[in-house]
file input.txt (compact mmCIF, C-alpha atoms)
# COMPACT_ATOMS: atom_id res chain seq x y z
CA MET A 20 20.34 -27.67 24.08
CA PRO A 21 22.77 -26.63 21.34
CA ARG A 22 23.51 -22.92 20.97
CA TRP A 23 22.90 -23.20 17.28
CA SER A 24 21.52 -26.00 15.20
CA PRO A 25 20.68 -26.37 11.53
CA GLY A 26 17.10 -25.39 10.85
CA ALA A 27 16.95 -22.98 13.80
CA GLN A 28 15.69 -20.16 11.60
CA ASP A 29 12.89 -22.28 10.24
CA ARG A 30 11.90 -23.45 13.72
CA LEU A 31 11.91 -19.87 14.99
CA VAL A 32 9.52 -18.80 12.22
CA GLN A 33 7.16 -21.67 12.97
CA SER A 34 7.28 -21.09 16.74
CA ALA A 35 6.59 -17.40 16.26
CA LEU A 36 3.63 -18.06 13.96
CA ASP A 37 2.18 -20.61 16.38
CA LEU A 38 2.50 -18.25 19.35
CA PHE A 39 1.20 -15.19 17.50
CA ASP A 40 -1.72 -17.23 16.25
CA GLU A 41 -2.53 -18.76 19.67
CA GLN A 42 -2.09 -15.79 21.99
CA GLY A 43 -1.71 -12.71 19.75
CA TYR A 44 1.30 -10.84 18.38
CA ASP A 45 1.35 -8.14 21.07
CA GLN A 46 1.12 -10.71 23.86
CA THR A 47 4.15 -12.67 22.65
CA ASN A 48 7.80 -11.83 23.32
CA VAL A 49 11.07 -12.97 21.78
CA ALA A 50 12.01 -15.03 24.85
CA GLU A 51 8.91 -17.19 24.42
CA ILE A 52 9.55 -17.65 20.69
CA ALA A 53 13.14 -18.72 21.32
CA ALA A 54 12.10 -21.07 24.12
CA ARG A 55 9.51 -22.81 22.01
CA ALA A 56 11.99 -23.22 19.17
CA GLY A 57 14.50 -24.71 21.63
CA VAL A 58 17.14 -22.00 21.15
CA THR A 59 18.45 -19.05 23.16
CA GLU A 60 17.31 -15.47 22.73
CA ARG A 61 20.81 -14.75 21.48
CA THR A 62 20.25 -17.21 18.63
CA TYR A 63 16.97 -15.47 17.83
CA TYR A 64 18.79 -12.15 17.45
CA ARG A 65 21.42 -13.78 15.26
CA HIS A 66 18.63 -14.45 12.75
CA PHE A 67 16.24 -11.51 13.20
CA THR A 68 16.70 -7.91 14.32
CA ASP A 69 13.42 -7.74 16.28
CA LYS A 70 10.13 -9.50 16.96
CA ARG A 71 8.48 -8.26 13.79
CA GLU A 72 11.25 -9.40 11.47
CA VAL A 73 10.54 -13.09 12.07
CA LEU A 74 7.55 -12.53 9.76
CA PHE A 75 9.46 -10.53 7.13
CA GLY A 76 12.93 -12.03 7.28
CA THR A 77 13.32 -13.17 3.68
CA PHE A 78 11.97 -9.94 2.29
CA GLY A 79 15.27 -8.39 1.20
CA ASP A 80 16.37 -11.51 -0.68
CA LEU A 81 13.03 -11.80 -2.43
CA THR A 82 13.12 -8.18 -3.55
CA GLU A 83 16.50 -8.74 -5.12
CA GLN A 84 15.32 -11.92 -6.87
CA LEU A 85 12.34 -9.98 -8.18
CA SER A 86 14.46 -7.19 -9.68
CA THR A 87 16.93 -9.62 -11.18
CA ALA A 88 14.21 -11.69 -12.84
CA VAL A 89 12.43 -8.65 -14.34
CA THR A 90 15.74 -7.43 -15.73
CA ALA A 91 16.55 -10.88 -17.18
CA ALA A 92 13.15 -11.40 -18.86
CA PRO A 93 13.32 -12.00 -22.64
CA GLU A 94 14.27 -8.83 -24.48
CA ASP A 95 11.07 -8.76 -26.54
CA ALA A 96 8.78 -9.19 -23.47
CA SER A 97 6.23 -6.41 -22.93
CA ALA A 98 6.34 -4.42 -19.68
CA LEU A 99 3.54 -6.50 -18.12
CA ARG A 100 5.08 -9.76 -19.31
CA ALA A 101 8.49 -8.85 -17.86
CA ALA A 102 6.79 -7.95 -14.56
CA GLN A 103 5.05 -11.33 -14.64
CA VAL A 104 8.37 -13.13 -15.10
CA GLY A 105 9.64 -11.37 -11.97
CA LEU A 106 6.62 -12.20 -9.86
CA THR A 107 6.70 -15.81 -11.01
CA THR A 108 10.08 -16.19 -9.30
CA LEU A 109 8.49 -14.90 -6.08
CA ALA A 110 5.55 -17.27 -6.50
CA GLU A 111 7.97 -20.17 -6.95
CA ALA A 112 9.87 -19.22 -3.79
CA LEU A 113 6.81 -18.49 -1.64
CA GLY A 114 4.75 -21.35 -3.09
CA ASP A 115 7.38 -23.74 -1.76
CA GLN A 116 6.40 -23.19 1.86
CA PRO A 117 3.56 -25.27 3.33
CA ARG A 118 0.26 -23.63 2.45
CA ASP A 119 -0.89 -23.90 6.06
CA ARG A 120 2.04 -21.80 7.17
CA ALA A 121 1.22 -19.13 4.60
CA ARG A 122 -2.39 -19.20 5.81
CA GLN A 123 -1.24 -18.83 9.40
CA ARG A 124 0.90 -15.83 8.48
CA SER A 125 -2.03 -14.18 6.67
CA ARG A 126 -4.22 -14.75 9.72
CA VAL A 127 -1.65 -13.18 12.06
CA LEU A 128 -1.22 -10.18 9.74
CA ALA A 129 -4.97 -9.65 9.42
CA ALA A 130 -5.24 -9.53 13.23
CA THR A 131 -2.48 -6.95 13.86
CA ALA A 132 -2.62 -3.39 12.47
CA SER A 133 1.12 -2.67 12.76
CA LEU A 134 1.92 -5.85 10.80
CA ARG A 135 -0.54 -4.93 8.08
CA GLU A 136 1.24 -1.58 7.71
CA ARG A 137 4.58 -3.34 7.42
CA GLU A 138 3.09 -5.61 4.75
CA LEU A 139 1.81 -2.59 2.81
CA LEU A 140 5.30 -1.07 2.90
CA LYS A 141 6.64 -4.36 1.55
CA MET A 142 4.15 -4.31 -1.31
CA GLU A 143 5.10 -0.71 -2.06
CA ALA A 144 8.79 -1.68 -2.09
CA TRP A 145 8.05 -4.54 -4.50
CA THR A 146 6.05 -2.21 -6.73
CA SER A 147 8.99 0.22 -6.80
CA ALA A 148 11.44 -2.62 -7.49
CA VAL A 149 9.41 -3.82 -10.47
CA ALA A 150 8.95 -0.28 -11.83
CA SER A 151 12.63 0.44 -11.45
CA ALA A 152 13.68 -2.80 -13.19
CA LEU A 153 11.25 -2.01 -16.03
CA ARG A 154 12.75 1.46 -16.43
CA GLY A 155 16.10 -0.30 -16.72
CA ARG A 156 14.58 -2.09 -19.74
CA ASP A 157 13.82 1.33 -21.27
CA VAL A 158 10.11 1.18 -20.45
CA PRO A 159 8.80 4.77 -20.09
CA ASP A 160 8.25 5.83 -16.48
CA ASP A 161 4.41 6.02 -16.48
CA ILE A 162 4.04 2.65 -18.21
CA ALA A 163 6.57 1.11 -15.83
CA GLN A 164 4.59 2.32 -12.80
CA ILE A 165 1.20 1.20 -14.11
CA ALA A 166 2.53 -2.20 -15.18
CA ALA A 167 4.14 -2.61 -11.75
CA ALA A 168 0.91 -1.69 -9.93
CA THR A 169 -1.12 -4.10 -12.05
CA ALA A 170 1.43 -6.88 -11.57
CA ILE A 171 1.54 -6.48 -7.78
CA GLY A 172 -2.27 -6.35 -7.76
CA ALA A 173 -2.34 -9.65 -9.67
CA PHE A 174 0.19 -11.14 -7.24
CA GLN A 175 -1.91 -10.15 -4.23
CA VAL A 176 -5.03 -11.65 -5.79
CA ALA A 177 -3.14 -14.87 -6.54
CA PHE A 178 -1.72 -15.05 -3.02
CA ARG A 179 -5.11 -14.44 -1.43
CA ARG A 180 -6.65 -17.14 -3.60
CA TRP A 181 -3.86 -19.59 -2.80
CA THR A 182 -4.17 -19.05 0.96
CA GLY A 183 -7.95 -18.64 0.97
CA PRO A 184 -10.54 -21.26 1.81
CA GLY A 185 -11.27 -23.88 -0.83
CA ARG A 186 -8.99 -25.91 -3.06
CA ALA A 187 -6.95 -23.44 -5.12
CA PRO A 188 -4.15 -24.76 -7.35
CA GLY A 189 -0.48 -23.95 -6.59
CA LEU A 190 0.65 -20.34 -6.23
CA VAL A 191 2.36 -20.19 -9.65
CA LYS A 192 -0.81 -21.41 -11.34
CA CYS A 193 -2.92 -18.90 -9.37
CA LEU A 194 -0.53 -16.17 -10.54
CA ASP A 195 -0.82 -17.23 -14.20
CA GLU A 196 -4.59 -17.03 -13.93
CA ALA A 197 -4.50 -13.63 -12.23
CA PHE A 198 -2.30 -12.25 -15.01
CA SER A 199 -4.71 -13.62 -17.63
CA GLN A 200 -7.49 -11.80 -15.81
CA ALA A 201 -5.43 -8.59 -15.72
CA ARG A 202 -4.90 -8.86 -19.49
CA SER A 203 -8.60 -9.32 -20.15
CA LEU A 204 -9.75 -6.26 -18.16
CA MET B 11 -9.95 37.17 16.59
CA PRO B 12 -13.25 35.33 16.03
CA ARG B 13 -13.64 31.91 17.64
CA TRP B 14 -14.83 30.56 14.35
CA SER B 15 -14.87 32.06 10.91
CA PRO B 16 -15.88 30.76 7.50
CA GLY B 17 -12.92 29.22 5.75
CA ALA B 18 -11.17 28.29 8.99
CA GLN B 19 -10.74 24.69 7.88
CA ASP B 20 -9.12 25.73 4.65
CA ARG B 21 -6.80 28.16 6.44
CA LEU B 22 -5.83 25.45 8.92
CA VAL B 23 -4.86 23.08 6.11
CA GLN B 24 -2.75 25.73 4.42
CA SER B 25 -1.08 26.82 7.67
CA ALA B 26 -0.27 23.22 8.52
CA LEU B 27 1.22 22.55 5.09
CA ASP B 28 3.33 25.70 5.26
CA LEU B 29 4.67 24.85 8.73
CA PHE B 30 5.30 21.18 7.96
CA ASP B 31 7.08 22.21 4.78
CA GLU B 32 9.19 24.93 6.46
CA GLN B 33 10.18 23.28 9.72
CA GLY B 34 9.16 19.60 9.43
CA TYR B 35 6.10 17.64 10.52
CA ASP B 36 7.56 16.35 13.78
CA GLN B 37 8.78 19.82 14.78
CA THR B 38 5.32 21.40 14.40
CA ASN B 39 2.49 21.31 16.94
CA VAL B 40 -1.22 22.01 16.74
CA ALA B 41 -0.90 25.27 18.71
CA GLU B 42 1.40 26.71 16.06
CA ILE B 43 -0.90 25.62 13.24
CA ALA B 44 -3.90 27.23 14.93
CA ALA B 45 -1.98 30.43 15.67
CA ARG B 46 -0.83 30.83 12.09
CA ALA B 47 -4.38 30.24 10.83
CA GLY B 48 -5.65 32.88 13.28
CA VAL B 49 -7.89 30.51 15.24
CA THR B 50 -7.80 28.84 18.66
CA GLU B 51 -6.60 25.30 19.30
CA ARG B 52 -10.17 24.50 20.23
CA THR B 53 -11.25 25.44 16.72
CA TYR B 54 -8.52 23.21 15.32
CA TYR B 55 -9.93 20.25 17.23
CA ARG B 56 -13.43 21.03 16.04
CA HIS B 57 -12.17 20.32 12.50
CA PHE B 58 -9.53 17.61 13.00
CA THR B 59 -9.03 14.89 15.60
CA ASP B 60 -5.23 15.23 15.71
CA LYS B 61 -2.20 16.75 14.00
CA ARG B 62 -2.04 14.13 11.27
CA GLU B 63 -5.68 14.47 10.24
CA VAL B 64 -5.19 17.97 8.85
CA LEU B 65 -3.54 16.19 5.91
CA PHE B 66 -6.21 13.50 5.54
CA GLY B 67 -9.39 15.28 6.64
CA THR B 68 -11.49 14.84 3.50
CA PHE B 69 -10.58 11.19 3.14
CA GLY B 70 -13.83 9.68 4.45
CA ASP B 71 -15.99 11.84 2.15
CA LEU B 72 -13.86 11.02 -0.87
CA THR B 73 -14.06 7.28 -0.19
CA GLU B 74 -17.82 7.50 -0.11
CA GLN B 75 -17.92 9.51 -3.36
CA LEU B 76 -15.66 6.89 -4.93
CA SER B 77 -17.92 3.97 -3.98
CA THR B 78 -21.07 5.79 -5.05
CA ALA B 79 -19.64 6.69 -8.45
CA VAL B 80 -18.43 3.13 -9.18
CA THR B 81 -21.86 1.80 -8.24
CA ALA B 82 -23.60 4.39 -10.44
CA ALA B 83 -21.45 3.81 -13.54
CA PRO B 84 -23.40 2.76 -16.68
CA GLU B 85 -24.71 -0.76 -16.35
CA ASP B 86 -22.83 -2.03 -19.40
CA ALA B 87 -19.46 -0.58 -18.25
CA SER B 88 -16.66 -3.14 -17.82
CA ALA B 89 -15.04 -3.56 -14.40
CA LEU B 90 -12.09 -1.34 -15.32
CA ARG B 91 -14.34 1.27 -16.90
CA ALA B 92 -16.59 1.43 -13.82
CA ALA B 93 -13.49 1.82 -11.63
CA GLN B 94 -12.34 4.65 -13.91
CA VAL B 95 -15.68 6.43 -13.49
CA GLY B 96 -15.18 6.28 -9.73
CA LEU B 97 -11.64 7.60 -9.80
CA THR B 98 -12.62 10.38 -12.17
CA THR B 99 -14.86 11.80 -9.43
CA LEU B 100 -11.85 11.81 -7.10
CA ALA B 101 -9.71 13.45 -9.77
CA GLU B 102 -12.35 16.14 -10.22
CA ALA B 103 -12.49 16.81 -6.47
CA LEU B 104 -8.73 16.74 -5.89
CA GLY B 105 -7.87 18.48 -9.15
CA ASP B 106 -9.86 21.46 -7.91
CA GLN B 107 -7.27 22.37 -5.28
CA PRO B 108 -4.34 24.56 -6.30
CA ARG B 109 -1.65 22.38 -7.82
CA ASP B 110 0.98 24.01 -5.62
CA ARG B 111 -0.86 22.90 -2.54
CA ALA B 112 -1.02 19.32 -3.82
CA ARG B 113 2.72 19.52 -4.53
CA GLN B 114 3.39 20.82 -1.05
CA ARG B 115 1.39 17.94 0.47
CA SER B 116 3.33 15.39 -1.60
CA ARG B 117 6.58 16.96 -0.44
CA VAL B 118 5.58 16.79 3.23
CA LEU B 119 4.47 13.17 2.85
CA ALA B 120 7.69 12.17 1.12
CA ALA B 121 9.67 13.63 4.03
CA THR B 122 7.80 11.86 6.85
CA ALA B 123 7.68 8.05 7.18
CA SER B 124 4.59 7.89 9.42
CA LEU B 125 2.64 10.03 6.93
CA ARG B 126 3.68 7.80 4.03
CA GLU B 127 2.31 4.81 5.95
CA ARG B 128 -0.98 6.61 6.52
CA GLU B 129 -1.14 7.40 2.80
CA LEU B 130 -0.55 3.72 1.95
CA LEU B 131 -3.43 2.75 4.25
CA LYS B 132 -5.58 5.30 2.43
CA MET B 133 -4.69 3.78 -0.93
CA GLU B 134 -5.48 0.32 0.42
CA ALA B 135 -8.85 1.58 1.68
CA TRP B 136 -9.61 3.07 -1.76
CA THR B 137 -8.62 -0.19 -3.45
CA SER B 138 -10.99 -2.09 -1.13
CA ALA B 139 -13.77 0.45 -1.73
CA VAL B 140 -13.46 0.07 -5.51
CA ALA B 141 -13.30 -3.75 -5.32
CA SER B 142 -16.31 -3.84 -3.01
CA ALA B 143 -18.38 -1.53 -5.25
CA LEU B 144 -17.45 -3.68 -8.27
CA ARG B 145 -18.58 -6.83 -6.46
CA GLY B 146 -21.87 -5.01 -5.88
CA ARG B 147 -22.11 -4.81 -9.70
CA ASP B 148 -21.76 -8.63 -9.82
CA VAL B 149 -18.12 -8.54 -10.94
CA PRO B 150 -16.43 -11.77 -9.75
CA ASP B 151 -14.17 -11.27 -6.74
CA ASP B 152 -10.78 -11.85 -8.41
CA ILE B 153 -11.59 -9.58 -11.35
CA ALA B 154 -12.89 -6.91 -8.97
CA GLN B 155 -9.63 -6.96 -6.99
CA ILE B 156 -7.36 -6.85 -10.03
CA ALA B 157 -9.39 -4.09 -11.68
CA ALA B 158 -9.28 -2.11 -8.42
CA ALA B 159 -5.50 -2.53 -8.09
CA THR B 160 -4.94 -1.46 -11.68
CA ALA B 161 -7.26 1.52 -11.29
CA ILE B 162 -5.59 2.76 -8.10
CA GLY B 163 -2.20 2.26 -9.78
CA ALA B 164 -3.37 4.42 -12.69
CA PHE B 165 -4.64 7.05 -10.24
CA GLN B 166 -1.31 7.19 -8.43
CA VAL B 167 0.57 7.57 -11.71
CA ALA B 168 -1.79 10.36 -12.77
CA PHE B 169 -1.44 12.15 -9.44
CA ARG B 170 2.33 11.90 -9.49
CA ARG B 171 2.42 13.26 -13.02
CA TRP B 172 0.05 16.11 -12.14
CA THR B 173 2.09 17.16 -9.11
CA GLY B 174 5.47 16.40 -10.64
CA PRO B 175 7.86 18.86 -12.25
CA GLY B 176 7.04 20.03 -15.75
CA ARG B 177 3.78 21.17 -17.30
CA ALA B 178 1.30 18.30 -16.97
CA PRO B 179 -2.35 18.84 -18.00
CA GLY B 180 -5.15 18.81 -15.37
CA LEU B 181 -5.58 15.81 -13.08
CA VAL B 182 -8.65 14.44 -14.91
CA LYS B 183 -6.75 14.50 -18.20
CA CYS B 184 -3.72 12.84 -16.58
CA LEU B 185 -6.06 10.13 -15.26
CA ASP B 186 -7.60 9.53 -18.71
CA GLU B 187 -4.13 9.08 -20.13
CA ALA B 188 -3.06 6.71 -17.34
CA PHE B 189 -6.13 4.54 -17.95
CA SER B 190 -5.35 4.44 -21.67
CA GLN B 191 -1.86 3.25 -20.77
CA ALA B 192 -3.30 0.62 -18.42
CA ARG B 193 -5.52 -0.67 -21.23
CA SER B 194 -2.61 -0.92 -23.65
CA LEU B 195 -0.34 -2.98 -21.35

call {"tool": "encode", "arguments": {"input": "input.txt", "output": "structure tokens"}}
result
Amino acid sequence: MPRWSPGAQDRLVQSALDLFDEQGYDQTNVAEIAARAGVTERTYYRHFTDKREVLFGTFGDLTEQLSTAVTAAPEDASALRAAQVGLTTLAEALGDQPRDRARQRSRVLAATASLRERELLKMEAWTSAVASALRGRDVPDDIAQIAAATAIGAFQVAFRRWTGPGRAPGLVKCLDEAFSQARSL
Amino acid sequence: MPRWSPGAQDRLVQSALDLFDEQGYDQTNVAEIAARAGVTERTYYRHFTDKREVLFGTFGDLTEQLSTAVTAAPEDASALRAAQVGLTTLAEALGDQPRDRARQRSRVLAATASLRERELLKMEAWTSAVASALRGRDVPDDIAQIAAATAIGAFQVAFRRWTGPGRAPGLVKCLDEAFSQARSL
């Protein structure tokens, strides 16, 4: 067994999701996740700081992509439109993963209170990132916060639709539709 | 010292806020809160299940008021308008407390991570309550969720403005203005 191999991170995520889904998050430990992925515990900790982070590992990168995209939106874009540009980059990144894996992650989160709290903190951090990038575009503070809250709300609706039962279109398309709905409120 | 006296609950909330604010949430225990309020610990536990609940005690009642008001909004009200009717009842209830007390609570929350998480869960529960009441008005699921997210976002903006520095108008007025901003996005 190699100490490190390409794709180890991806295998660790999939092994963790499978184990959490099969036997529960609290009943699973890092040693089991590493074993199923065919790597050592040491390799696990090279990729993730703790057991929870295997589910949230790309979060920091995504937040930065989000801010950058909102900032780079066309100069004449409204606050909500600039927020949409930012969230579209997230939808492109997250929509790339297999839908079944996203569904599995949602299922694991729904079953574990401490993970739901971590997810809420993530959503709050994204809302703050969008609001802050909008303020950098000279959007007044109150408008920036409301536009950010609406945009994250639309993203959550799109994500839930994409991972829900039934045959939803791709995540980017779901997001477009959710923003249309937000505009027509 | 009477074992129970009218207004004990209110005195407990104020004593807790003062102690949390002065010496920190983690450094304060229920015995100190009770002593400062002039009641026994037993009285404290008649009003609140634990130390944290002194900051969230009216939450269940407010959630029910919120749902009821959304449900009872005029039949021809749009989804966002019905959500606004619901949140106006919360603004009326919360805007009744002294603004300094609301500021003190915000300060304590900002300083304590576990309390911020509890507050996020509260906001999520309010979002779900609004979405669920809207679905009861035959609003389609996606629209109900987006309208609820926008409405809670507007409420948070209004609350932050009301408790922020400077001379904001009353909470109900701040909420009206935040909803106008949401509509003009």

call {"tool": "residues_around", "arguments": {"input": "input.txt", "residues": "stretch 45-56 of chain B", "least_positions_apart": "2", "cutoff": "12 Å", "atoms": "only C-alpha atoms", "output": "NGL selection string"}}
result
:B and (11-29 or 38-43 or 58-64 or 67)

call {"tool": "closest_atom_pairs", "arguments": {"input": "input.txt", "of": "chain A", "to": "chain B", "cutoff": "6 Å", "atoms": "all atoms listed in the file", "output": "Markdown table"}}
result
| residue | atom | partner | partner_atom | distance |
| --- | --- | --- | --- | --- |
| A:Ile165 | CA | B:Gly163 | CA | 5.6 |
| A:Ala168 | CA | B:Gly163 | CA | 5.0 |
| A:Thr169 | CA | B:Thr160 | CA | 4.7 |
| A:Gly172 | CA | B:Ala159 | CA | 5.0 |
| A:Ala173 | CA | B:Ile156 | CA | 5.8 |

call {"tool": "atom_distance", "arguments": {"input": "input.txt", "atom1": "atom CA of A:Ala88", "atom2": "atom CA of A:Pro188"}}
result
23.2 Å

call {"tool": "atom_distance", "arguments": {"input": "input.txt", "atom1": "atom CA of B:Ala93", "atom2": "atom CA of B:Val80"}}
result
5.7 Å

call {"tool": "atom_distance", "arguments": {"input": "input.txt", "atom1": "atom CA of B:Thr73", "atom2": "atom CA of B:Ala135"}}
result
7.9 Å

call {"tool": "residues_around", "arguments": {"input": "input.txt", "residues": "A:Phe178", "least_positions_apart": "3", "cutoff": "8 Å", "atoms": "all atoms listed in the file", "output": "VMD selection string"}}
result
chain A and resid 174 to 175 181 to 182 190 193 to 194

call {"tool": "closest_residue", "arguments": {"input": "input.txt", "among": "B:His57, B:Arg145, B:Arg109, B:Arg115", "to": "B:Phe30", "atoms": "only C-alpha atoms"}}
result
B:Arg115

call {"tool": "residues_around", "arguments": {"input": "input.txt", "residues": "A:Glu111", "least_positions_apart": "3", "cutoff": "8 Å", "atoms": "all atoms listed in the file", "output": "JSON, numbers by chain"}}
result
{"A": [107, 108, 114, 115, 190, 191]}

call {"tool": "closest_residue", "arguments": {"input": "input.txt", "among": "A:Ala112, A:Ser86, A:Lys192, A:Val104", "to": "A:Ala150", "atoms": "all atoms listed in the file"}}
result
A:Ser86
